[in-house]
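Participant: Before we start, here is the structure in question, set down as C-alpha cells.
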Number of protein chains: 4
Amino acid sequence: MTKKNVLRIGVIGTGAIGSDHIRRCTQTLSGAQIVAVGDVNSDNARKAVSSYNINAKVYDSGHDLIKAEDVDVVMVTSWGQTHAEYVLSAIKAGKYVFCEKPLATTIKDCQEIIEAEQACGKRLVQVGFMRPYDKGYRELRNAIANGDIGMPLMVHAAHRNQSVGENYVTNMAIVDTLIHELDVLRWLLEDDYVSAQVIFPRSTRHTHAKLRDPQIILLETKSGIRIDVEVFVNCQYGYDIQCAVVGEKGIVSLPEPASVTMRSDAKLSKSILTDWKERFIDAYDIEVQDFIDSCLAGKLTGPSSWNGYVATVAAEACVKSQETGKVEPISLPNCPSFYK
Amino acid sequence: MTKKNVLRIGVIGTGAIGSDHIRRCTQTLSGAQIVAVGDVNSDNARKAVSSYNINAKVYDSGHDLIKAEDVDVVMVTSWGQTHAEYVLSAIKAGKYVFCEKPLATTIKDCQEIIEAEQACGKRLVQVGFMRPYDKGYRELRNAIANGDIGMPLMVHAAHRNQSVGENYVTNMAIVDTLIHELDVLRWLLEDDYVSAQVIFPRSTRHTHAKLRDPQIILLETKSGIRIDVEVFVNCQYGYDIQCAVVGEKGIVSLPEPASVTMRSDAKLSKSILTDWKERFIDAYDIEVQDFIDSCLAGKLTGPSSWNGYVATVAAEACVKSQETGKVEPISLPNCPSFYK
Amino acid sequence: MTKKNVLRIGVIGTGAIGSDHIRRCTQTLSGAQIVAVGDVNSDNARKAVSSYNINAKVYDSGHDLIKAEDVDVVMVTSWGQTHAEYVLSAIKAGKYVFCEKPLATTIKDCQEIIEAEQACGKRLVQVGFMRPYDKGYRELRNAIANGDIGMPLMVHAAHRNQSVGENYVTNMAIVDTLIHELDVLRWLLEDDYVSAQVIFPRSTRHTHAKLRDPQIILLETKSGIRIDVEVFVNCQYGYDIQCAVVGEKGIVSLPEPASVTMRSDAKLSKSILTDWKERFIDAYDIEVQDFIDSCLAGKLTGPSSWNGYVATVAAEACVKSQETGKVEPISLPNCPSFYK
Amino acid sequence: MTKKNVLRIGVIGTGAIGSDHIRRCTQTLSGAQIVAVGDVNSDNARKAVSSYNINAKVYDSGHDLIKAEDVDVVMVTSWGQTHAEYVLSAIKAGKYVFCEKPLATTIKDCQEIIEAEQACGKRLVQVGFMRPYDKGYRELRNAIANGDIGMPLMVHAAHRNQSVGENYVTNMAIVDTLIHELDVLRWLLEDDYVSAQVIFPRSTRHTHAKLRDPQIILLETKSGIRIDVEVFVNCQYGYDIQCAVVGEKGIVSLPEPASVTMRSDAKLSKSILTDWKERFIDAYDIEVQDFIDSCLAGKLTGPSSWNGYVATVAAEACVKSQETGKVEPISLPNCPSFYK
C-alpha cells in the first residue's frame, strides 16, 4: 500500500459541532485524519473516539493536545469563551488552527489574536464561517461581481429558526445567530459596516421572558448600502434563510433549498427544512475540505481572524443598540494589508 | 327593448385614469353609463367622448356637472389639488362620489370632507384605493383573518416601478406611491400606525437630482407590528409589488402575477410586468363595479373618506421624516362610529 | 337618461352554465340584457329570472324564444343532445347564436350546421370554447407565434378533476373533458390532427366500474407534432390544467393560477383550485363579452361551428380508439375559406 | 502518523468519467486511494496520474491491473464494449468491481456476468447508475414509499441535453441516454417493464441525418403503470431532467436544481444547467463513496449486475421498437433471490 499525504488533526471540544467535524474528516472528506481529541470532560472525548471508531489519543488538556508532535493542525470547537486561549496557543506553536465562530467573545481577545498572528508573519487562523462556502451564497456573490444587478443598494435578509431553548436570550440573537449574516454580507458586498440599529417588533407568544423575538437589525455600510435582517428564532414553521440583494438594475436572491414538489390535498408544496444542520451541510463539507487542502498546500485562504474580529465589533454595536434603542456607530481600523 | 336600471355617471377629469374609467364603465362593466364629462381643458373631454363613442354631455365646469339633473353620481379623476372642492360639492348635492386617490392634498381638506359627510348623515364618498379589491391582497387578508399565520408581527413590502419622469420628486415616493401601501396595509392588518421613519440608502444612478431613490419606510402600528416598505421607482427591471406578512407561526406572501413559464437559453423564466396599469387591472374593474353596485343598492362599502384621511395623515409623517431623518409620530383621533 | 345600445339575449337552458351566463350578462358584463329565458322545465327558467331579478319573459319552447321579435341573439345552454336543433333554428331565423360545447353530439349534425351557416352567407354561430380566451393560453400562443420556442415538436398536457359523479363514464373523458384540449391545442398550434390513440393505465381505486380513469390520449398532427394528454378525473387533489409546448429551442408552459404563497408547518405552499368554475372564470367573462361585442359590431370572430365540427370528429376517433386500443386516423375535409 | 484504513483502487479507462472518478477518490472522498491506472492508450493513463499528482502504477493491460496484488478493487471506466471482459476478470479474481454503465453491450454478456457472480457466491459488481444516489430521486422514492401520492399510476419524464455530436445516432437515445431512466424508474416504482414503444415526433432542425430527435418512449409495467419519457438531446436550452410520478391522490416531481433567483430585464429567472456533469455531481460523489464504504465493510448494496442486465433487456426492446414502430414486449426471468 502506497501512503497518502494525510493531515493529522487534533480536535478540542467534542460537542455537537466538534463531533460533526470528526465524523466529516473521518468518513466524508479526503486528506485528513483525526489523531487527537480533547474535551474538558474527557469522557466525552473518549465517546467521540469510540463512536467514530478512530485511532486517536485523548487529551485532558487542550494545550497539551496543541503541543503534541503528531498533531499537524488544530480544530477549536470548544465553548466560545475558551476559543481565544486555544487559538493563541496554536499560533504560538506555529500550527494552523480552525476555530469555530466566534473567534473570541471580546473585541480585546480578537485584537490580541490578530496581533499575535501578524507577529508570526503568516496566516494561521481560519474562522468557521461556513456560509461563504455555500453554493447559493457563492452564486449570489458571482452575480453581484458580474454586474448582473448593477451596484448593490439594499439587502433584505432573514434568519429564522423553528424554535430555541430557554437558555437562548435576547443578545444571542446577535452573537449566535446574526453573526453569520454579519460575516457573509460583508463578503457578499465587499463593504464594511458603519452603523447598526436593532428594532423590536411585538414579540411572538412562542418566546420567553428573557428573549425578545423577533428582532429587526438595520445596518448601513460605508458605501451607503442599507441592510435589514429579520432574526426570528421561534418562527415555528422551519429553518429558513433568506437573502435578497437589490441593485441598480435587478435583484438576486438566495435559492430555496431543492425539494420535490408535491401536488396533494389542494396544495402545491415543497418542504422547508426544520433542522439547521441540514441547511448548510454541503457548505460545512466544503469549508473543512478547503481548510485541509489549504493546510496541505501551506496557505490559508478561508475566513481569517480579521473576519472574526470585524464580526465581533459589529455584533457588539448591535448588542449595544438592543439596550439603547439607538443607531450605534461601528468603527474599525483599516484592514492591515496582511489580511487582504 | 326592456330597460335596464343604469347608473348615470358624470366624470370630472379625463387624464389617464379618468379616460380609463370611462372606457371601463362603457365597455366592460355592467349597470352604468357615462352621461357627462368635464375637464379643465374641454377639448380633452370632447376627445374622450368621441374616442369611446359615448352619448355624453361635455361640461366646462365640474361644479355644473355635479349639479346636472341627469348625473346620478360623480367620479373625480381630476388633478389631485382639485379633489377636495369637487368632493365637497358632490356631498353638498347629496350625490355619491368616487374620488381617485388622494382624497385631498392636505389634512385640513380631508377633515373638512369627513365633517361634511358626517353632517349629511350618510356615506357618500368612496376613495379610489383599488388594492383591497385585488384578488391577491384579498387572499392575504383572508389568510390572516383565518389565523393561518397566527398573529401578525412584521410586514416586508416593496413597491417598485421601472422608471419615473423628471417631475417625480422625493416626496412623491410617499404621496403618490407609498400611499397605496399606507392604505392597504392598515386594511390588511386591521391596525393603525403610530410612527413612521424614512431611510435613504445610497441612490441609484438612474435617478435625478430632485429624487432620492430608493427609499425605505419603517412604520410601527398600535399593536407593535413593524413594517418595512422599499419604494424604488427607477428599479429598471419592471413594475413589482411585494408584500409578505410574518406571523407567529407562518408567513403569507402576495402572489407573483400569473405568467407562462419559459425554458430557453439556459434560463427558466417568467415575465415581470413593466406597465403598472396591467398589475391591478382586474382590481380596478372590481373596484368600479363595486362602486356602481353600491350606488344602485344605496349603500357604500368601499374605502371611505376616513381611509383617505388616515392615509394622508400617515403620508405627512413620512414626508416630515424625509426632512428630519427621525422617527415621526402619527397621531389620529379615534375613528368615528360613522366610519366603522 | 340617455339610452345605451344594449344587445337583447334569449337564453335556452338554465342549468349550471346557463344560469352562470345569465348572471354574467346581468351583473358583470357590458352591453347586454337577458330578455328571454327558456327551459324544458319552465319552473327552472322562472327561478333563474327571479333569482337574478331580471325583467325577462319565460318561454316553454326554445323555438318560440328564438323567433321572438325582441330577442336579438340566442344562447344555447341546454342539454347537449338538443344543441343542433336550436342552433339550426337560430340560423334559420338569421340570428347570432352562442352555443355551449358541444356544437352537436354527432358529426352529421355538425355538418348540417356548417352547411346551413354557409348557405346563409354569414357566420352566425359561436361555439362555447372558452380556453382561447384564457390569458394563459393566449400568452402560450403568442410565445409560439413570436418564435420564442422555435417550431413546436411536442405537447405534454393534463386535464385533472378532483372527482366526478357516478354518471360520468369512460367516453365522457373524451366528449366532455378532452374536448377542450382538442379545440384549444389546434388553435395553439395552428395545425390539424391526423390520428389519435387512447391508452389506459392501471385505474385508480377512486373510480367506478364504468369509468376507466386515468386515460392517456396520444395525438399526431399534420406537421408531425406529437401530443400526449393525461385525463384524470378523480385525481383527488384538485382541478389542474397543465400544458407545455416543446419547441426546437425552448419550452413554454401554462401558468399555475396565481395564489398567495404560504410558509407554515415546514411547507412552502400555494393553493390548487378545486372548483373547475374558478379556473377559467375570467375566460368565461371575456368570451361572452367578446360574443356581445361581436354581435353589436355585426361580425363574429370567436370559435366557429367549424371548430365545433373538427373537435367532434377528433373526439369520435378517440372514442373509437378507447374501444379498439389502436391508433385511429382522423380525416377532415379542407377547411372552407368561409371559416378561415 | 497513524494509518488510515484505505481502499486501494485500480482504474481501467481514463476518459472523461474515468478521470473524474480518479479526481473524486483522490481529492474529495474518504477512504480510498488510486494505486493503479490502465488505459488502452497508456499515455492517457500517465497523463491522468500526473495531472492528479497521484502515486499510482500505470498498466498496459487491464487484466494485469486486475490481478495486481496491491489492487484491492477495480473500477471499469473503459469503452462500453470492453466492460464485460474486465468485469468477468475481476469476478474471477474475487475482487469488487465498480463498472460504469452499461454493464455490457449485449444481453448475453450481461447473463454471463450474472451467472459468474452467482457462481462465486457473493455480490462483487456495482453498476454505475448514479441516479438512485441523487437526493431528488431519493426524496421522490421516499414520498412514494410513504404513500404520499397513493399508488403510482403514471410517470411523465424527460431527459434533455443541450446538444450532442455527430457520432450520436438514433439508437444512442436509448442505450446511452434513456438507460438512466430505465434503471431509475424501476427503482423508483419497484416494478418491472412488460413492454416498450418508441414514437418519433417531427424532428428538430438541430439534429442530423442519422439521429431522430426528439423521441418519445412509452413503457408499461407489470402493475399497469404507464410511463412516457421524452428524450430530446438537441433541445438547445440546457440539460434538463424531469420526472413526475402521478399517483391515486397526488403527484410528486423531481426538484429543479437550486439556483439563485434573478429579477432583471422584465424577467424573473433561474439558471438551467447546461453541463450534464454538474447535474448529478453530488450523486456521483455519494455513489462512489458508497462503493468505497461497501467494499471496506465487505458488502455491496448499490445497483447490482441484475440492474445492469434488466436495463439492457429493456433498452433492446426500445431499440427494436425504433425499427418496427410497434409495441415490443419485454420479458425477463424472475429475479434470483441472490439479487434481492
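Each chain in the C-alpha cells gets a letter, A, B, ..., in the order shown, and its residues are numbered from 1; ligands are numbered from 1 in order too.
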Please report, as a count of residues only, each residue of segment 21-266 of chain D to which DSSP assigns strand (DSSP E or B) when run on this structure's backbone.
Facilitator: 68
Participant: Could you list, as a PyMOL selection string, every residue within 9 Å of Glu166 of chain A, counting only C-alpha atoms and ignoring same-chain residues fewer than 6 positions away?
Facilitator: chain A and resi 207-208+210-211
Participant: Could those selected residues go to a file with C-alpha atoms, as a short mmCIF file (atom, residue, chain, number, x, y, z; two decimals), in the first residue's frame?
Facilitator:
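part_17.cif, freshly written:
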```cif
data_model
loop_
_atom_site.label_atom_id
_atom_site.label_comp_id
_atom_site.auth_asym_id
_atom_site.auth_seq_id
_atom_site.Cartn_x
_atom_site.Cartn_y
_atom_site.Cartn_z
CA THR A 207 -40.87 33.16 23.19
CA HIS A 208 -39.99 33.53 26.86
CA LYS A 210 -35.60 36.77 28.53
CA LEU A 211 -35.84 36.72 24.75
#
```
Participant: Between A:Ala158, A:Ile22, A:Met172, A:Val260, single out the one closest to Phe232 of chain A, counting only C-alpha atoms.
Facilitator: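 Result for the nearest residue to Phe232 of chain A: A:Ala158.
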Participant: Identify every residue of chain A that has at least one atom within 7 Å of any atom of chain D, counting only C-alpha atoms, and report the result as a PyMOL selection string.
Facilitator: chain A and resi 1+27-30+70+136+139-140+249-264
Participant: Where in segment 96-235 of chain B does DSSP assign alpha helix (DSSP H), given as a ChimeraX atom specification?
Facilitator: /B:107-120,135-145,172,179-189
Participant: Find the residues near Lys277 of chain D: any atom within 12 Å, counting only C-alpha atoms, skip ones fewer than 3 places away on the same chain, and give them as a list of chain:residue names.
Facilitator: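 Within the cut-off, the hits are D:Ala16, D:Ile17, D:Asp20, D:Met130, D:Asn161, D:Tyr239, D:Asp240, D:Leu273, D:Thr274, D:Phe280, D:Ile281, D:Asp282, D:Ala283, D:Tyr284, D:Asp285.
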Participant: Using only C-alpha atoms, which protein or nucleic acid residues come within 10 Å of Ile66 of chain B? Drop anything in the same chain fewer than 6 positions from it, and give the result as a list in words.
Facilitator: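 Here the qualifying residues turn out to be Ile9, Gly10, Val11, Ile12, Ala36, Gly38, Tyr59, Asp72, Val73, Val74, Met75, Tyr86, Val87, Ser89, Ala90, Ile91, Lys92, Ala93, Gly94, Lys95 and Val97 of chain B.
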Participant: Atom CA of Thr301 of chain C to atom CA of Cys120 of chain C: how many Å, to one decimal?
Facilitator: 16.7 Å
Participant: Given the choices A:Ala317, A:Val127, A:Ala116, A:Ala68, which gets closest to Leu88 of chain A if the distance is worked out from only C-alpha atoms?
Facilitator: A:Ala116
Participant: For atom CA of Gln197 of chain D and atom CA of Gly224 of chain C, determine how far apart the two atoms are, in Å to one decimal place.
Facilitator: 17.2 Å
